[in-house]
Amino acid sequence: MLKTVFFDLDGTLLPMDQEEFIRQYLACLTSAMEPEGYDPETLGKAVWTGTKAMVCNDGSKTNEAVFWESFSRSLGRNAREEEQTFLRFYQGPFQQLRAVCGYNPAAASAVREIRNLGLNTVLATNPLFPAVATQSRVRWAGLEPEDFAWITTYENSRYCKPNPDYYRGILDKLNLKPGECLMVGNDVQEDGAAAKLGMPVFLLTDCLIQRGGNADPSWPQGSFPELLGWIRSELGV
């Protein structure tokens, strides 16, 4: 019996061209941090190095710890001492990036309808950002953090997509079985990795990403009306 629906964020609940968002994000970050003494090119490379370290995290530390260690090593300075400066960036200039994203009112409506059907919702976004940034993007999508039973961020996660252990960590945290959950996402590789644990996957096609292969033809797919229809069918309502 379906109990919980996992939602990806970027490209799923929050429409966006992911490559353009990343380009604008790095430009915004490096511009904001240059007056703080950070060379833009060096900072950009260090962010990528820290991000790659999180994606390859073996679970021995949180993504947060892995990022700051790798980031500082790449910069050649203890950037963690200036963490509050970076957090202020997310509270300030980062908010401009809302203009890079789209908005689909059907996304927020679907989350609320699913909750009205008696199901729990989880925000299973790749935990590469701090909570302050993730919560902002949730609000850009027309939702609130309280709309989710759990939100993955770099502070509370030890793996990243497409590692199946990322999904296993959420299941263990919430005491759920894979067959009781549905993963909804737009990225065949990253979101589809949940299927390796036996979790059904619904592929949201509005901002589809297909790296290295097509989706499993058995996966249901479509936009939010099709998602709601599939869920109602599963629940028999």
# chains A, B, ... in the order shown; residues from 1 in each chain; ligands from 1
call {"tool": "residues_around", "arguments": {"residues": "Asp191 in chain A", "least_positions_apart": "6", "cutoff": "7 Å", "atoms": "only C-alpha atoms", "output": "list of chain:residue names"}}
result
A:Pro162, A:Met183, A:Gly185
call {"tool": "residues_around", "arguments": {"residues": "Arg232 in chain A", "least_positions_apart": "5", "cutoff": "12 Å", "atoms": "only C-alpha atoms", "output": "PDB file with C-alpha atoms, in the first residue's frame"}}
result
ATOM      1  CA  MET A   1       0.000   0.000   0.000  1.00  0.00           C
ATOM      2  CA  LEU A   2       1.336   3.413  -0.989  1.00  0.00           C
ATOM      3  CA  ALA A 110      -0.424  18.189  -6.511  1.00  0.00           C
ATOM      4  CA  GLU A 113      -3.812  17.021  -2.997  1.00  0.00           C
ATOM      5  CA  ILE A 114      -1.581  14.058  -2.244  1.00  0.00           C
ATOM      6  CA  ASN A 116      -5.256  15.394   1.384  1.00  0.00           C
ATOM      7  CA  LEU A 117      -5.398  11.799   0.180  1.00  0.00           C
ATOM      8  CA  GLY A 118      -3.729  10.780   3.450  1.00  0.00           C
ATOM      9  CA  LEU A 119      -0.221  10.250   2.109  1.00  0.00           C
ATOM     10  CA  PRO A 225      -2.530  15.428 -13.755  1.00  0.00           C
ATOM     11  CA  GLU A 226      -1.209  12.021 -14.831  1.00  0.00           C
ATOM     12  CA  LEU A 227       0.646  11.672 -11.526  1.00  0.00           C
ATOM     13  CA  VAL A 237     -10.144   6.348  -5.012  1.00  0.00           C
TER      14      VAL A 237
END
call {"tool": "residues_around", "arguments": {"residues": "Gln96 in chain A", "least_positions_apart": "5", "cutoff": "12 Å", "atoms": "only C-alpha atoms", "output": "list in words"}}
result
Phe21, Gln24, Tyr25, Ala27, Cys28, Leu29, Ala32, Phe89, Tyr90, Gln91, Cys101, Ala133, Ser136, Arg137 and Trp140 of chain A
call {"tool": "residues_around", "arguments": {"residues": "Asn63 in chain A", "least_positions_apart": "4", "cutoff": "7 Å", "atoms": "only C-alpha atoms", "output": "PyMOL selection string"}}
result
chain A and resi 54+57+67+154-155+157-159
call {"tool": "closest_residue", "arguments": {"among": "A:Val100, A:Ala141, A:Ala106, A:Leu203", "to": "Glu19 in chain A", "atoms": "only C-alpha atoms"}}
result
A:Val100
call {"tool": "closest_atom_pairs", "arguments": {"of": "range 12-82 of chain A", "to": "range 212-223 of chain A", "cutoff": "12 Å", "atoms": "only C-alpha atoms", "output": "CSV"}}
result
residue,atom,partner,partner_atom,distance
A:Thr12,CA,A:Ser223,CA,9.3
A:Leu13,CA,A:Ser223,CA,10.6
A:Pro15,CA,A:Ser223,CA,11.7
call {"tool": "write_last_selection", "arguments": {"atoms": "N, CA and C atoms", "output": "CSV table (one decimal), in the first residue's frame"}}
result
chain,number,residue,atom,x,y,z
A,12,THR,N,11.3,19.3,-11.2
A,12,THR,CA,10.1,18.5,-10.9
A,12,THR,C,9.1,19.5,-10.3
A,13,LEU,N,9.2,19.8,-9.0
A,13,LEU,CA,8.3,20.8,-8.4
A,13,LEU,C,8.7,22.2,-8.8
A,15,PRO,N,10.2,24.1,-11.9
A,15,PRO,CA,10.6,24.0,-13.3
A,15,PRO,C,11.9,24.9,-13.6
call {"tool": "closest_residue", "arguments": {"among": "A:Met16, A:Val138, A:Asn156, A:Met33", "to": "Lys61 in chain A", "atoms": "only C-alpha atoms"}}
result
A:Asn156
call {"tool": "residues_around", "arguments": {"residues": "Tyr166 in chain A", "least_positions_apart": "5", "cutoff": "12 Å", "atoms": "only C-alpha atoms", "output": "number ranges by chain"}}
result
A: 54-59, 62-63, 124-128, 152-154, 156-161, 171-173, 190-191, 193-194, 196-197
call {"tool": "atom_distance", "arguments": {"atom1": "CA of Leu176 in chain A", "atom2": "CA of Trp230 in chain A"}}
result
20.6 Å
